[in-house]
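Structure record follows, encoded as structure tokens.
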Amino acid sequence: MRLSPTESHHARHVLRLRPSDPITITDGAGTVAQCEVVCTDHGRLVAAILERVETTVPRPEIVVFQAAAKTGKVDVVIEKLAELGVSETHVYKSMRAVAVWDDEKERRLESRWAAIARAASKQSRSPFVMRTSRTMSWTDLTRRIASEPAAVVLWEQARAPLREVLDDGAGRIALVVGPEGGLEPSEAEALAAEGAQLASLGPRILRTETAPVVATAAVAYHYGLLG
């Protein structure tokens, strides 16, 4: 197996791997291979596969829809959710979103978030790389929520706590997180009309970059994926 130039550079110059050193390689889609470094060929690391294991996506699969926020905040969200094993994270536009990006900025952010997700997935030794995408419109979000088998909108005005709206038989859970200023009531109601449950994380108002991490950890714990 020959690693890509980028991965070879990381393995040789950051991890300082040498011939006979063990290395774990994944394709980001569930295949994990235990390997041994053989040599370097034209700058690319060559490894021998000793054992290959196919893993399945943990259930329920967790998907997060994060409202657009200041770039640094979204970067943090992408990184932490990838570490926690979230399958997908998508950023969407909402009424109270502070961040407004043009097309060129969105293209750069799409590449940036994919790179952050990849690095965080590697660091946490996940066999899967979290999927990200370009910023989606509000219309795209409502359509996605309508198609999700189970969706929960985290909203400070909701009466039901998160733990009470989780379906124990769910194979996939979608979490929607609002922007810095929170979701407008009309937005929360529109998502509820598409089948989403409105839920609260408790009496404290969490920052937009904190809420998805807390909610994901709570959901993962509830289903036995964490702890």
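In the structure tokens, chains take the letters A, B, ... in the order shown, each chain's residues start at 1, and ligands count up from 1 in the order shown.
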Show which residues sit within 9 Å of Ile173 in chain A, as a PDB file with C-alpha atoms, in the first residue's frame. Count only C-alpha atoms, and ignore same-chain residues fewer than 5 positions away.
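Heads up, here's the output in part-v1.pdb:
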ATOM      1  CA  PRO A  60     -27.744   5.599  16.012  1.00  0.00           C
ATOM      2  CA  GLU A  61     -25.861   7.649  13.469  1.00  0.00           C
ATOM      3  CA  ILE A  62     -25.652  11.256  14.681  1.00  0.00           C
ATOM      4  CA  VAL A  63     -25.980  14.166  12.244  1.00  0.00           C
ATOM      5  CA  VAL A  64     -25.687  17.827  13.252  1.00  0.00           C
ATOM      6  CA  GLU A 148     -34.718  12.722   8.491  1.00  0.00           C
ATOM      7  CA  PRO A 149     -36.212   9.734  10.384  1.00  0.00           C
ATOM      8  CA  ALA A 150     -35.702  11.496  13.745  1.00  0.00           C
ATOM      9  CA  ALA A 151     -34.803  15.171  14.207  1.00  0.00           C
ATOM     10  CA  VAL A 152     -34.421  17.293  17.337  1.00  0.00           C
ATOM     11  CA  LEU A 166     -35.056  10.655  22.058  1.00  0.00           C
ATOM     12  CA  ASP A 167     -36.446   7.539  20.382  1.00  0.00           C
ATOM     13  CA  VAL A 219     -27.097  11.707  22.863  1.00  0.00           C
TER      14      VAL A 219
END
| message | So that I can check the surroundings of Ala192 in chain A, please list as a ChimeraX atom specification every protein, DNA and RNA residue that reaches within 9 Å of it, counting only C-alpha atoms and ignoring chain neighbours fewer than 5 positions away. | response | /A:152-153,187,197-198
| note | If you count only C-alpha atoms, the residue of A:Glu83, A:Ser94, A:Pro58, A:Ile145 closest to Gln123 in chain A turns out to be A:Glu83
Set out as a Markdown table a contact list for range 79-153 of chain A and range 32-42 of chain A with a cut-off of 10 Å, giving each residue of range 79-153 of chain A that qualifies its closest atom pair and distance in Å to one decimal, counting only C-alpha atoms, ordered by chain and rising residue number.
| residue | atom | partner | partner_atom | distance |
| --- | --- | --- | --- | --- |
| A:Arg125 | CA | A:Val32 | CA | 9.9 |
| A:Ser126 | CA | A:Val32 | CA | 9.3 |
| A:Pro127 | CA | A:Val32 | CA | 6.2 |
| A:Phe128 | CA | A:Val32 | CA | 9.4 |
| task | Apply DSSP to the backbone of this structure and, from range 5-211 of chain A, keep only the residues in strand (DSSP E); write these as a PyMOL selection string. | result | chain A and resi 22-26+31-41+44-54+61-67+88-92+151-154+172-177+197-199
| task | Mind checking which residues fall within 6 Å of Leu45 in chain A, counting only C-alpha atoms, ignoring those fewer than 2 positions away in the same chain, and posting them as number ranges by chain? | result | A: 2-3, 8, 40
For the residues in that selection, give me N, CA and C atoms as a compact mmCIF listing (two decimals), in the first residue's frame.
# COMPACT_ATOMS: atom_id res chain seq x y z
N ARG A 2 0.59 2.18 -0.95
CA ARG A 2 1.34 3.42 -1.04
C ARG A 2 0.46 4.56 -0.53
N LEU A 3 0.96 5.30 0.45
CA LEU A 3 0.23 6.43 0.97
C LEU A 3 0.33 7.61 0.01
N SER A 8 2.08 10.64 3.33
CA SER A 8 3.46 10.16 3.44
C SER A 8 4.33 11.20 4.15
N THR A 40 10.30 3.82 1.62
CA THR A 40 9.83 5.05 0.98
C THR A 40 10.21 4.98 -0.49
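Proximity of A:Thr55, A:Val129, A:Gly72, A:His13 to Gly28 in chain A, computed with only C-alpha atoms, is greatest for A:Val129.
The nearest approach to Thr216 in chain A among the residues A:Pro5, A:Pro22, A:Gly85, A:Gly169, with only C-alpha atoms taken into account, belongs to A:Gly85.
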| query | Can you list every residue in range 20-160 of chain A that DSSP puts in helix (DSSP H, G or I), as number ranges by chain? | reply | A: 71-83, 103-123, 138-147
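With only C-alpha atoms as the atoms that count, the residue of A:Lys70, A:His10, A:Arg18, A:Arg59 with the shortest distance to Gly171 in chain A is A:Arg59.
In this comparison, which uses only C-alpha atoms, the residue of A:Gly224, A:Val53, A:Ala99, A:Thr208 approaching Glu180 in chain A most closely is A:Thr208.
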